[in-house]
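Note: the block below is query_19.txt and it holds compact mmCIF, C-alpha atoms.
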# COMPACT_ATOMS: atom_id res chain seq x y z
CA MET A 1 -8.96 -57.53 -35.97
CA GLY A 2 -6.23 -58.54 -33.62
CA SER A 3 -3.09 -60.24 -34.73
CA ASP A 4 -3.55 -63.29 -32.56
CA ASP A 5 -3.25 -66.65 -34.27
CA ARG A 6 -6.60 -68.03 -35.17
CA GLY A 7 -7.51 -71.45 -33.98
CA GLY A 8 -4.84 -71.34 -31.33
CA GLY A 9 -7.48 -71.70 -28.68
CA VAL A 10 -7.55 -75.51 -28.99
CA PRO A 11 -5.03 -76.86 -26.52
CA GLU A 12 -3.73 -80.20 -27.71
CA LYS A 13 -3.12 -82.84 -25.14
CA GLY A 14 0.53 -83.56 -24.63
CA ALA A 15 1.60 -80.64 -26.74
CA CYS A 16 3.34 -77.52 -25.55
CA GLN A 17 0.90 -75.02 -24.15
CA ALA A 18 0.26 -72.48 -26.88
CA PRO A 19 -0.35 -68.90 -25.91
CA GLU A 20 -4.01 -68.31 -25.20
CA PRO A 21 -5.77 -66.40 -27.95
CA GLY A 22 -7.53 -63.18 -27.11
CA LEU A 23 -11.26 -62.73 -27.00
CA GLU A 24 -11.26 -61.26 -30.46
CA SER A 25 -9.33 -64.20 -31.85
CA VAL A 26 -11.76 -66.58 -30.21
CA TRP A 27 -14.66 -64.82 -31.86
CA SER A 28 -12.88 -64.86 -35.19
CA GLY A 29 -12.19 -68.55 -34.83
CA LEU A 30 -15.79 -69.29 -33.90
CA ASP A 31 -17.01 -67.17 -36.76
CA ALA A 32 -14.69 -68.81 -39.29
CA GLY A 33 -15.40 -72.29 -38.00
CA THR A 34 -11.74 -72.93 -37.19
CA LEU A 35 -12.49 -73.11 -33.48
CA ALA A 36 -15.17 -75.27 -31.93
CA PRO A 37 -17.17 -73.69 -29.08
CA ASP A 38 -16.48 -76.57 -26.73
CA ASP A 39 -12.74 -76.06 -27.24
CA VAL A 40 -12.85 -72.53 -25.91
CA ARG A 41 -11.23 -72.28 -22.50
CA VAL A 42 -13.41 -69.71 -20.77
CA GLU A 43 -11.38 -69.82 -17.57
CA ALA A 44 -8.23 -68.85 -19.43
CA LEU A 45 -10.06 -66.05 -21.15
CA VAL A 46 -11.33 -64.72 -17.82
CA GLY A 47 -7.83 -64.69 -16.41
CA GLN A 48 -6.56 -62.96 -19.52
CA GLN A 49 -9.21 -60.27 -19.34
CA ARG A 50 -8.52 -59.67 -15.67
CA GLU A 51 -5.00 -58.74 -16.61
CA VAL A 52 -5.74 -56.54 -19.58
CA ALA A 53 -8.84 -54.70 -18.37
CA ALA A 54 -7.62 -51.17 -17.75
CA ASP A 55 -10.69 -49.76 -16.06
CA LEU A 56 -14.22 -50.55 -15.05
CA GLU A 57 -15.60 -49.92 -18.51
CA ASP A 58 -13.10 -52.30 -20.07
CA ALA A 59 -13.91 -54.88 -17.44
CA THR A 60 -17.64 -54.49 -18.10
CA ALA A 61 -17.15 -54.93 -21.82
CA ALA A 62 -15.03 -58.01 -21.16
CA VAL A 63 -17.71 -59.50 -18.93
CA VAL A 64 -20.29 -59.04 -21.66
CA GLN A 65 -18.00 -60.64 -24.23
CA LEU A 66 -17.28 -63.53 -21.94
CA SER A 67 -20.96 -64.04 -21.27
CA ARG A 68 -21.52 -64.28 -25.01
CA VAL A 69 -18.73 -66.84 -25.30
CA LEU A 70 -20.36 -68.82 -22.51
CA GLU A 71 -23.73 -68.58 -24.23
CA ALA A 72 -22.25 -69.79 -27.51
CA LYS A 73 -20.45 -72.60 -25.77
CA ALA A 74 -23.57 -73.63 -23.85
CA ARG A 75 -25.56 -73.73 -27.05
CA ALA A 76 -22.93 -75.96 -28.63
CA LEU A 77 -22.86 -78.38 -25.72
CA LEU A 78 -26.57 -78.63 -25.05
CA PRO A 79 -28.61 -80.96 -27.25
CA THR A 80 -30.26 -79.17 -30.12
CA PRO A 81 -34.05 -79.24 -29.81
CA VAL A 82 -35.72 -81.02 -32.67
CA ALA A 83 -37.54 -78.51 -34.81
CA PRO A 84 -41.10 -79.36 -35.73
CA GLU A 85 -41.39 -80.77 -39.20
CA ALA A 86 -42.28 -78.08 -41.62
CA GLU A 87 -45.18 -78.65 -43.95
CA GLY A 88 -43.74 -80.40 -46.96
CA GLY A 89 -40.22 -79.67 -45.83
CA GLU A 90 -37.44 -81.48 -44.07
CA PRO A 91 -37.33 -81.70 -40.29
CA GLY A 92 -34.94 -79.29 -38.67
CA ALA A 93 -34.42 -77.26 -41.79
CA GLU A 94 -35.19 -73.96 -40.06
CA PRO A 95 -32.15 -72.46 -38.27
CA ASP A 96 -32.54 -71.65 -34.63
CA ALA A 97 -33.74 -68.08 -34.37
CA ASP A 98 -31.93 -67.44 -31.10
CA ASP A 99 -28.66 -68.67 -32.54
CA ALA A 100 -29.07 -66.47 -35.57
CA ASP A 101 -29.92 -63.48 -33.42
CA LEU A 102 -26.93 -64.08 -31.17
CA ALA A 103 -24.63 -64.50 -34.15
CA GLU A 104 -25.98 -61.32 -35.68
CA ARG A 105 -25.48 -59.32 -32.52
CA VAL A 106 -21.98 -60.66 -32.05
CA ALA A 107 -21.12 -59.91 -35.67
CA ALA A 108 -22.40 -56.35 -35.32
CA TYR A 109 -20.44 -55.83 -32.14
CA GLN A 110 -17.31 -57.31 -33.67
CA ALA A 111 -17.65 -55.02 -36.65
CA PHE A 112 -17.75 -51.97 -34.45
CA ALA A 113 -14.91 -53.32 -32.33
CA GLU A 114 -12.88 -53.38 -35.54
CA ALA A 115 -13.99 -49.85 -36.29
CA ALA A 116 -12.90 -48.84 -32.81
CA ALA A 117 -9.48 -50.38 -33.44
CA LEU A 118 -9.26 -48.37 -36.63
CA LEU A 119 -10.12 -45.18 -34.76
CA ARG A 120 -7.46 -46.07 -32.19
CA SER A 121 -4.85 -46.24 -34.94
CA TYR A 122 -5.98 -42.87 -36.27
CA GLU A 123 -5.93 -41.42 -32.78
CA GLU A 124 -2.42 -42.69 -32.15
CA SER A 125 -1.20 -41.40 -35.49
CA ARG A 126 -2.75 -38.00 -34.88
CA ALA A 127 -1.21 -37.82 -31.41
CA LEU A 128 2.23 -37.84 -33.02
CA ARG A 129 1.53 -34.60 -34.88
CA PHE A 130 1.38 -31.40 -32.91
CA GLY A 131 -0.19 -28.13 -33.90
CA ARG A 132 -0.18 -24.69 -32.38
CA PRO A 133 -1.91 -25.00 -28.97
CA GLN A 134 -5.35 -23.49 -28.82
CA PRO A 135 -5.92 -20.59 -26.45
CA GLU A 136 -7.06 -21.64 -23.00
CA SER A 137 -10.39 -19.89 -23.39
CA LYS A 138 -11.08 -21.76 -26.60
CA THR A 139 -10.22 -25.14 -25.20
CA ARG A 140 -12.63 -24.63 -22.34
CA ARG A 141 -15.46 -23.57 -24.57
CA PRO A 142 -18.14 -26.25 -24.91
CA ALA A 143 -18.23 -27.97 -28.28
CA PRO A 144 -20.87 -26.63 -30.64
CA SER A 145 -23.88 -28.75 -31.25
CA PRO A 146 -24.15 -30.02 -34.82
CA ALA A 147 -27.90 -29.54 -34.81
CA GLY A 148 -28.43 -26.42 -32.71
CA ALA A 149 -25.39 -24.42 -33.81
CA VAL A 150 -26.16 -21.89 -31.07
CA SER A 151 -23.87 -21.95 -28.10
CA LEU A 152 -24.46 -20.57 -24.65
CA GLU A 153 -22.04 -17.79 -25.49
CA ASP A 154 -24.20 -16.84 -28.47
CA LEU A 155 -27.25 -16.73 -26.27
CA LEU A 156 -25.50 -14.54 -23.72
CA THR A 157 -24.36 -12.16 -26.44
CA ALA A 158 -27.89 -11.88 -27.76
CA LEU A 159 -29.19 -11.35 -24.25
CA SER A 160 -26.71 -8.55 -23.59
CA GLN A 161 -27.97 -6.73 -26.66
CA VAL A 162 -31.55 -7.01 -25.50
CA TRP A 163 -30.46 -6.00 -22.03
CA GLU A 164 -28.95 -2.77 -23.28
CA ARG A 165 -32.13 -1.93 -25.10
CA ALA A 166 -34.44 -2.73 -22.23
CA ARG A 167 -35.80 0.18 -20.18
CA PRO A 168 -34.84 -0.03 -16.53
CA ARG A 169 -37.81 -0.37 -14.23
CA THR A 170 -38.03 2.06 -11.33
CA ARG A 171 -40.57 2.31 -8.56
CA ASP A 172 -40.87 4.08 -5.28
CA VAL A 173 -39.97 2.01 -2.27
CA THR A 174 -41.86 3.00 0.83
CA ARG A 175 -40.36 2.39 4.21
CA GLU A 176 -42.19 -0.18 6.25
CA ARG A 177 -43.38 1.55 9.40
CA LEU A 178 -43.96 -1.56 11.50
CA THR A 179 -40.96 -2.36 13.68
CA VAL A 180 -40.13 -5.22 15.98
CA GLY A 181 -40.05 -2.78 18.90
CA GLN A 182 -43.56 -1.60 18.18
CA VAL A 183 -44.91 -5.14 18.07
CA VAL A 184 -43.00 -6.07 21.24
CA ALA A 185 -44.66 -3.19 23.05
CA ARG A 186 -48.09 -4.16 21.70
CA LEU A 187 -47.70 -7.82 22.63
CA ARG A 188 -46.35 -6.93 26.04
CA THR A 189 -49.48 -4.94 26.77
CA ARG A 190 -51.80 -7.68 25.52
CA LEU A 191 -49.99 -10.47 27.31
CA SER A 192 -49.75 -8.67 30.62
CA ARG A 193 -53.47 -7.99 30.42
CA LEU A 194 -54.69 -11.40 29.21
CA GLY A 195 -52.04 -13.68 30.77
CA SER A 196 -51.67 -15.90 27.70
CA ILE A 197 -52.59 -15.85 24.03
CA GLU A 198 -52.91 -18.63 21.56
CA PHE A 199 -50.04 -18.56 19.07
CA GLU A 200 -52.16 -17.91 16.00
CA GLU A 201 -53.98 -15.08 17.71
CA LEU A 202 -50.72 -13.23 18.09
CA PHE A 203 -50.89 -12.43 14.38
CA PRO A 204 -53.50 -10.13 12.90
CA SER A 205 -55.95 -12.06 10.72
CA ASP A 206 -55.17 -9.88 7.71
CA ALA A 207 -51.41 -9.82 8.31
CA ASP A 208 -49.14 -9.92 5.30
CA ARG A 209 -45.89 -11.81 5.35
CA PHE A 210 -43.93 -8.80 6.48
CA GLU A 211 -46.16 -8.41 9.54
CA VAL A 212 -45.94 -12.12 10.27
CA VAL A 213 -42.16 -11.97 10.22
CA VAL A 214 -42.03 -8.89 12.43
CA THR A 215 -44.52 -10.36 14.88
CA PHE A 216 -42.62 -13.62 15.11
CA LEU A 217 -39.40 -11.73 15.76
CA ALA A 218 -41.19 -9.82 18.50
CA VAL A 219 -42.32 -13.12 20.06
CA LEU A 220 -38.77 -14.37 20.05
CA GLU A 221 -37.59 -11.14 21.59
CA LEU A 222 -40.12 -11.38 24.42
CA VAL A 223 -39.05 -14.97 25.10
CA ARG A 224 -35.43 -13.91 25.07
CA LEU A 225 -36.15 -11.15 27.56
CA GLY A 226 -37.92 -13.62 29.84
CA GLU A 227 -41.18 -11.73 29.60
CA ALA A 228 -42.99 -14.54 27.84
CA ARG A 229 -42.72 -18.24 27.43
CA ALA A 230 -44.13 -20.58 24.84
CA GLN A 231 -46.09 -23.49 26.17
CA GLN A 232 -48.36 -26.34 25.09
CA PRO A 233 -50.58 -27.31 27.99
CA HIS A 234 -51.56 -30.67 26.50
CA PRO A 235 -50.28 -32.79 23.67
CA PHE A 236 -51.60 -31.71 20.28
CA GLN A 237 -53.12 -28.63 21.80
CA ALA A 238 -52.48 -25.25 20.25
CA LEU A 239 -49.31 -23.47 21.27
CA ARG A 240 -49.74 -20.50 23.58
CA LEU A 241 -47.58 -17.61 24.58
CA ALA A 242 -47.85 -16.92 28.29
CA TRP A 243 -46.86 -13.76 30.12
CA SER A 244 -43.98 -14.24 32.56
CA GLY A 245 -43.01 -10.65 33.11
CA PRO A 246 -43.63 -8.38 36.10
CA GLU A 247 -46.79 -9.17 38.05
CA ALA A 248 -47.02 -12.56 36.40
CA GLU A 249 -46.67 -14.35 39.76
CA SER A 250 -49.62 -12.55 41.20
CA ARG A 251 -51.95 -13.92 38.51
CA MET B 1 13.83 -23.72 -52.98
CA GLY B 2 11.73 -20.62 -52.56
CA ILE B 3 7.99 -20.31 -52.76
CA GLY B 4 5.75 -17.82 -54.43
CA PRO B 5 4.13 -14.88 -52.65
CA VAL B 6 0.71 -16.52 -52.32
CA ALA B 7 2.20 -19.66 -50.83
CA ALA B 8 4.21 -17.51 -48.45
CA GLN B 9 1.06 -15.66 -47.38
CA LEU B 10 -0.73 -18.92 -46.79
CA GLU B 11 2.22 -20.18 -44.79
CA ALA B 12 1.98 -17.11 -42.58
CA LEU B 13 -1.76 -17.57 -42.10
CA LEU B 14 -1.39 -21.22 -41.25
CA PHE B 15 1.50 -20.47 -38.92
CA VAL B 16 -0.62 -18.29 -36.65
CA ALA B 17 -3.75 -20.45 -36.79
CA ALA B 18 -4.46 -22.74 -33.88
CA GLU B 19 -7.04 -24.76 -35.79
CA PRO B 20 -7.52 -26.04 -39.33
CA LEU B 21 -8.40 -23.24 -41.74
CA PRO B 22 -10.98 -24.12 -44.41
CA LEU B 23 -10.22 -23.32 -48.00
CA PRO B 24 -12.91 -20.62 -48.29
CA ARG B 25 -11.43 -18.82 -45.31
CA LEU B 26 -7.94 -18.93 -46.76
CA SER B 27 -9.33 -17.76 -50.06
CA ALA B 28 -11.05 -14.81 -48.41
CA ALA B 29 -7.93 -13.95 -46.44
CA VAL B 30 -5.63 -13.72 -49.43
CA GLY B 31 -8.32 -12.43 -51.80
CA LEU B 32 -7.85 -15.10 -54.46
CA PRO B 33 -10.05 -17.81 -55.94
CA GLU B 34 -10.07 -21.12 -54.13
CA ARG B 35 -8.52 -22.93 -57.08
CA GLN B 36 -5.55 -20.59 -57.03
CA VAL B 37 -5.25 -20.97 -53.29
CA ARG B 38 -5.26 -24.74 -53.57
CA THR B 39 -2.49 -24.57 -56.14
CA ALA B 40 -0.46 -22.43 -53.76
CA LEU B 41 -1.16 -24.88 -50.95
CA VAL B 42 0.21 -27.70 -53.06
CA GLU B 43 3.28 -25.58 -53.67
CA LEU B 44 3.66 -24.92 -49.95
CA ALA B 45 3.23 -28.60 -49.09
CA ALA B 46 5.89 -29.57 -51.64
CA HIS B 47 8.23 -26.91 -50.28
CA LEU B 48 7.87 -28.21 -46.73
CA GLU B 49 8.27 -31.77 -47.89
CA ALA B 50 11.35 -31.20 -49.99
CA GLY B 51 13.09 -28.82 -47.64
CA GLY B 52 13.43 -31.25 -44.76
CA HIS B 53 11.28 -29.13 -42.50
CA GLY B 54 10.00 -30.27 -39.14
CA ILE B 55 6.45 -29.35 -40.04
CA ALA B 56 4.11 -30.43 -42.79
CA LEU B 57 0.91 -29.16 -44.28
CA SER B 58 -1.97 -31.39 -43.27
CA GLU B 59 -5.50 -31.47 -44.57
CA ILE B 60 -7.61 -32.18 -41.54
CA ALA B 61 -11.20 -31.68 -40.37
CA GLY B 62 -12.21 -29.83 -43.48
CA GLY B 63 -9.29 -27.42 -43.37
CA PHE B 64 -5.56 -27.04 -43.54
CA GLN B 65 -3.12 -26.87 -40.66
CA LEU B 66 0.61 -26.89 -40.12
CA LEU B 67 1.49 -29.86 -37.93
CA THR B 68 4.78 -31.24 -36.76
CA ARG B 69 6.05 -34.37 -38.43
CA PRO B 70 5.48 -37.65 -36.59
CA GLU B 71 9.20 -38.41 -36.43
CA HIS B 72 9.70 -35.38 -34.19
CA ALA B 73 6.90 -36.31 -31.79
CA ALA B 74 9.20 -37.25 -28.94
CA VAL B 75 11.08 -33.97 -29.08
CA VAL B 76 7.92 -31.89 -29.27
CA ALA B 77 6.24 -33.88 -26.52
CA ALA B 78 9.07 -32.93 -24.20
CA LEU B 79 8.08 -29.30 -24.65
CA GLN B 80 4.37 -29.48 -25.21
CA ALA B 81 2.07 -31.82 -23.34
CA PRO B 82 -0.12 -34.13 -25.41
CA ARG B 83 -3.48 -32.66 -26.26
CA SER B 84 -5.48 -35.15 -24.27
CA ALA B 85 -5.37 -38.64 -22.88
CA PRO B 86 -6.26 -41.42 -25.32
CA LEU B 87 -9.79 -42.67 -25.19
CA SER B 88 -10.66 -45.84 -23.34
CA LYS B 89 -11.73 -48.92 -25.23
CA ALA B 90 -15.34 -48.41 -24.23
CA ALA B 91 -15.27 -44.79 -25.36
CA LEU B 92 -13.68 -45.76 -28.67
CA GLU B 93 -16.30 -48.41 -29.33
CA THR B 94 -19.01 -45.91 -28.59
CA LEU B 95 -17.32 -43.34 -30.79
CA ALA B 96 -17.07 -45.86 -33.64
CA ILE B 97 -20.78 -46.58 -33.44
CA VAL B 98 -21.63 -42.88 -33.45
CA ALA B 99 -19.21 -42.20 -36.30
CA PHE B 100 -20.55 -44.90 -38.58
CA ARG B 101 -24.20 -44.87 -37.62
CA GLN B 102 -24.80 -41.21 -36.92
CA PRO B 103 -27.14 -39.80 -35.96
CA VAL B 104 -27.74 -42.48 -33.39
CA THR B 105 -29.55 -42.77 -30.07
CA ARG B 106 -28.00 -44.00 -26.87
CA ALA B 107 -30.34 -46.99 -26.93
CA THR B 108 -28.94 -48.06 -30.29
CA ILE B 109 -25.40 -47.72 -29.01
CA GLU B 110 -26.20 -49.83 -25.98
CA GLU B 111 -27.98 -52.42 -28.10
CA LEU B 112 -24.91 -52.80 -30.29
CA ARG B 113 -22.42 -52.85 -27.43
CA GLY B 114 -24.57 -54.92 -25.10
CA VAL B 115 -23.66 -52.75 -22.14
CA GLN B 116 -24.74 -49.44 -20.72
CA SER B 117 -22.85 -46.70 -22.48
CA GLU B 118 -24.00 -43.61 -20.64
CA GLY B 119 -20.60 -42.99 -19.10
CA ALA B 120 -18.70 -43.50 -22.33
CA LEU B 121 -21.10 -41.23 -24.19
CA ALA B 122 -20.81 -38.56 -21.51
CA THR B 123 -17.02 -38.71 -21.83
CA LEU B 124 -17.24 -38.21 -25.59
CA VAL B 125 -19.67 -35.31 -25.22
CA ASP B 126 -17.49 -33.77 -22.54
CA ARG B 127 -14.47 -33.93 -24.81
CA GLY B 128 -16.43 -32.39 -27.67
CA LEU B 129 -16.07 -35.42 -29.94
CA VAL B 130 -19.79 -36.13 -29.98
CA ALA B 131 -22.74 -33.78 -29.62
CA GLU B 132 -26.49 -33.90 -29.57
CA ALA B 133 -27.86 -33.65 -33.08
CA GLY B 134 -31.59 -33.48 -32.59
CA ARG B 135 -34.18 -35.96 -31.44
CA ALA B 136 -35.41 -39.20 -32.94
CA ASP B 137 -39.03 -39.57 -33.98
CA SER B 138 -39.41 -42.62 -31.79
CA PRO B 139 -41.33 -42.89 -28.51
CA GLY B 140 -39.82 -40.62 -25.90
CA ARG B 141 -38.07 -38.63 -28.61
CA PRO B 142 -34.56 -39.60 -27.42
CA PHE B 143 -31.54 -37.50 -28.24
CA LEU B 144 -29.62 -38.29 -31.38
CA TYR B 145 -25.85 -38.08 -31.27
CA ALA B 146 -23.41 -37.25 -34.06
CA THR B 147 -19.70 -36.64 -34.28
CA THR B 148 -18.32 -33.12 -34.35
CA ARG B 149 -15.52 -31.37 -36.19
CA GLN B 150 -13.44 -31.96 -33.07
CA PHE B 151 -13.76 -35.70 -33.74
CA LEU B 152 -12.19 -35.24 -37.17
CA GLU B 153 -9.38 -33.21 -35.61
CA HIS B 154 -8.87 -35.77 -32.86
CA CYS B 155 -8.49 -38.61 -35.35
CA GLY B 156 -6.69 -36.56 -37.98
CA LEU B 157 -9.39 -37.12 -40.58
CA ARG B 158 -10.27 -34.86 -43.45
CA SER B 159 -13.92 -35.87 -43.47
CA LEU B 160 -16.30 -38.64 -42.53
CA GLU B 161 -16.22 -39.82 -46.10
CA GLU B 162 -12.51 -40.44 -45.72
CA LEU B 163 -13.22 -42.62 -42.70
CA ALA B 164 -15.75 -44.71 -44.58
CA SER B 165 -13.59 -45.05 -47.67
CA LEU B 166 -10.38 -45.92 -45.86
CA ALA B 167 -11.92 -48.41 -43.51
CA ASN B 168 -11.87 -52.00 -44.69
CA LEU B 169 -14.80 -52.80 -42.49
CA PRO B 170 -17.85 -55.03 -42.77
CA PRO B 171 -20.91 -53.54 -44.47
CA ALA B 172 -22.71 -53.54 -41.14
CA VAL B 173 -20.40 -50.73 -40.10
CA THR B 174 -20.00 -48.72 -43.25
CA GLN B 175 -23.65 -48.82 -44.15
CA VAL B 176 -24.38 -45.33 -42.90
CA GLN B 177 -27.97 -44.25 -43.05
CA PRO B 178 -28.16 -40.67 -41.81
CA LEU B 179 -31.48 -39.08 -41.14
CA PRO B 180 -32.47 -36.39 -43.63
CA GLY B 181 -31.08 -32.99 -42.86
CA TRP B 182 -28.91 -33.96 -39.91
CA ARG B 183 -25.75 -32.92 -41.70
CA THR B 184 -26.73 -29.34 -42.34
CA PRO B 185 -24.47 -27.15 -40.26
CA ALA B 186 -25.85 -23.73 -39.48
CA ARG B 187 -22.47 -22.17 -38.72
CA GLY B 188 -19.01 -22.58 -40.10
CA ALA B 189 -17.49 -23.91 -36.92
CA ALA B 190 -20.27 -26.30 -36.13
CA GLY B 191 -21.36 -29.58 -37.58
CA PRO B 192 -19.53 -32.73 -38.37
CA GLU B 193 -18.87 -31.76 -41.98
CA ALA B 194 -19.01 -28.05 -42.47
CA ALA B 195 -16.57 -28.01 -45.36
CA THR B 196 -15.53 -30.49 -47.96
CA PRO B 197 -11.80 -30.21 -48.39
CA ASP B 198 -11.51 -32.01 -51.67
CA ALA B 199 -11.86 -29.37 -54.31

Here is a file; write its structure as structure tokens.
Amino acid sequence: MGSDDRGGGVPEKGACQAPEPGLESVWSGLDAGTLAPDDVRVEALVGQQREVAADLEDATAAVVQLSRVLEAKARALLPTPVAPEAEGGEPGAEPDADDADLAERVAAYQAFAEAAALLRSYEESRALRFGRPQPESKTRRPAPSPAGAVSLEDLLTALSQVWERARPRTRDVTRERLTVGQVVARLRTRLSRLGSIEFEELFPSDADRFEVVVTFLAVLELVRLGEARAQQPHPFQALRLAWSGPEAESR
Amino acid sequence: MGIGPVAAQLEALLFVAAEPLPLPRLSAAVGLPERQVRTALVELAAHLEAGGHGIALSEIAGGFQLLTRPEHAAVVAALQAPRSAPLSKAALETLAIVAFRQPVTRATIEELRGVQSEGALATLVDRGLVAEAGRADSPGRPFLYATTRQFLEHCGLRSLEELASLANLPPAVTQVQPLPGWRTPARGAAGPEAATPDA
């Protein structure tokens, strides 16, 4: 635990202002009974934590600690509810379950805060001793999992072995004979003859995706050439492609 | 003061190694029983200690490594950047919980700390100090986390047992109750305790 003086959190009236104890000292004092909850100066603690909090995580932890101090202080100041008389026992003999739970949680947290301080000392001591630097590739490698013990690199190595063994798949690729030019010519003929065609009727009913793509490109090409225009005569009505090429005016 | 041939061989091996070398590996490298290798390591450590060398033999993370002496840290730091930035308070608290309660779920960590610890845990995983170590048999089967060998290296520890024995901490912390089988490392480089250094 910290080296702050315990019990120093009780400012005596008329006396010189003692340095404010840290949060950890306050908890130690509360735990040891050397500091009364209503003597804890929460405001001073808040100001202290504002100065020492290095980052958001530190600040969050401090807020939680301070809230626990407030809770403890509130419990001490509020009147204690009278416990119902136990059968054959003395009134109020049972400790408050919430208080016990809070004390337990605080004690557990404090214990791990001490453990963290211990790790900090180990970390600082280790930082003073240098070894041969690890190769860059090794330092970037993800840490192995204690449970899995198989890294991504292992998986890739195993895959490469299977890959070498696997038979390459070959198949004949036939050239698609349908071209945008062919469909443009076909649509041009149909449009000039019929005047307009509903959008969905532009595509053969059994068209595969390749034919759909080619046909749509042909539609765009006709629009670009000014030989057709897309239109929707009425709201929500089906789209139509209308002929606007030669002899369109005479229709 | 000179050293014997085995100690000299071990010195050469440790000189080129960038990570702690476990005793079995050293034994295999020099082709001698582990007991003989350990004797030679003691000889090497005494030689480095008595000769006023700038390096020392350290037993760390289940292996042995030549490290510079702490009193030369400032000089070395001028040439070689520190390995990594120190951990934040939140990360250290989270690491302490994982170290003493492993394997542990994130929910347990957050229950003990009273705050969300996802960021701190992610930092530890990212730095290789903590890793997933299976799943708990509780609803949702959450991930379990445990410390890695890198954690031991980072803190300069020989083993987790050393941490528990050295720490003068409340029983709530040192009362480690690992799940069965979590500690079984499948590979030499993996796992929080792949090798026990104390022969």

Radius query 10 Å about (-30.5, -40.1, -32.0), atoms used: all atoms listed in the file, as number ranges by chain: B: 98, 101-109, 132-138, 141-146, 179

Give me a file of those residues, with C-alpha atoms, as a compact mmCIF listing (two decimals), keeping the file's coordinate frame.
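This is the output file result_22.txt:
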# COMPACT_ATOMS: atom_id res chain seq x y z
CA VAL B 98 -21.63 -42.88 -33.45
CA ARG B 101 -24.20 -44.87 -37.62
CA GLN B 102 -24.80 -41.21 -36.92
CA PRO B 103 -27.14 -39.80 -35.96
CA VAL B 104 -27.74 -42.48 -33.39
CA THR B 105 -29.55 -42.77 -30.07
CA ARG B 106 -28.00 -44.00 -26.87
CA ALA B 107 -30.34 -46.99 -26.93
CA THR B 108 -28.94 -48.06 -30.29
CA ILE B 109 -25.40 -47.72 -29.01
CA GLU B 132 -26.49 -33.90 -29.57
CA ALA B 133 -27.86 -33.65 -33.08
CA GLY B 134 -31.59 -33.48 -32.59
CA ARG B 135 -34.18 -35.96 -31.44
CA ALA B 136 -35.41 -39.20 -32.94
CA ASP B 137 -39.03 -39.57 -33.98
CA SER B 138 -39.41 -42.62 -31.79
CA ARG B 141 -38.07 -38.63 -28.61
CA PRO B 142 -34.56 -39.60 -27.42
CA PHE B 143 -31.54 -37.50 -28.24
CA LEU B 144 -29.62 -38.29 -31.38
CA TYR B 145 -25.85 -38.08 -31.27
CA ALA B 146 -23.41 -37.25 -34.06
CA LEU B 179 -31.48 -39.08 -41.14

Radius query 12 Å about (-8.3, -59.6, -18.2), atoms used: all atoms listed in the file, as a list of chain:residue names: A:Glu20, A:Gly22, A:Leu23, A:Val42, A:Glu43, A:Ala44, A:Leu45, A:Val46, A:Gly47, A:Gln48, A:Gln49, A:Arg50, A:Glu51, A:Val52, A:Ala53, A:Ala54, A:Asp55, A:Leu56, A:Asp58, A:Ala59, A:Thr60, A:Ala61, A:Ala62, A:Val63, A:Gln65, A:Leu66

Pick out the closest residue to Ser192 of chain A from this set: A:Pro246, A:Pro204, A:Gly131, A:Pro233. Count all atoms listed in the file.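 Of A:Pro246, A:Pro204, A:Gly131, A:Pro233, the one nearest Ser192 of chain A, counting all atoms listed in the file, is A:Pro246.
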
Six-sided padding of 3 Å per side, axis-aligned box over segment 184-200 of chain A, centre and edges in Å, one decimal, as JSON:
{"center_x": -48.8, "center_y": -10.9, "center_z": 23.4, "size_x": 17.7, "size_y": 21.4, "size_z": 20.8}

Which residues come within 12 Å of segment 179-191 of chain A, counting all atoms listed in the file, excluding same-chain residues fewer than 4 positions away, as an MDAnalysis selection string? chainID A and resid 175 195:199 201:204 210:230 240:248 251

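Of the listed residues B:Thr147, B:Gln36, B:Thr123, B:Ser159, the one whose atoms come nearest to chain A is B:Thr147, with distances taken using only C-alpha atoms.
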
Quick one: everything within 10 Å of Glu124 of chain A, counting only C-alpha atoms, minus sequence neighbours fewer than 6 positions away in the same chain. Send it as an MDAnalysis selection string. (chainID A and resid 118) or (chainID B and resid 86 154:156)

Find the distance between atom CA of Leu70 of chain A and atom CA of Ala90 of chain B and write it in Å to one decimal.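 Going from atom CA of Leu70 of chain A over to atom CA of Ala90 of chain B covers 21.1 Å.
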
Find the residue from B:Leu14, B:Leu121, B:Ile3, B:Val76 that sits nearest to Leu57 of chain B; use all atoms listed in the file when measuring. B:Leu14

So that I can check the surroundings of Ala12 of chain B, please list as a list in words every protein, DNA and RNA residue that reaches within 12 Å of it, counting all atoms listed in the file and ignoring chain neighbours fewer than 6 positions away.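 Returned residues: Pro5, Val6, Leu26, Ala29, Val30, Leu41, Leu44, Gln65 and Leu66 of chain B.
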
Which is closest to Ser58 of chain B among B:Glu11, B:Ala45, B:Pro33, B:Leu112, if we use all atoms listed in the file?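 Ranking B:Glu11, B:Ala45, B:Pro33, B:Leu112 by distance to Ser58 of chain B, first place goes to B:Ala45.
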
Residues at most 10 Å from His47 of chain B, counting all atoms listed in the file, excluding those fewer than 4 positions away in the same chain, as a VMD selection string? chain B and resid 1 to 3 7 41 to 43 51 to 53 56 to 57
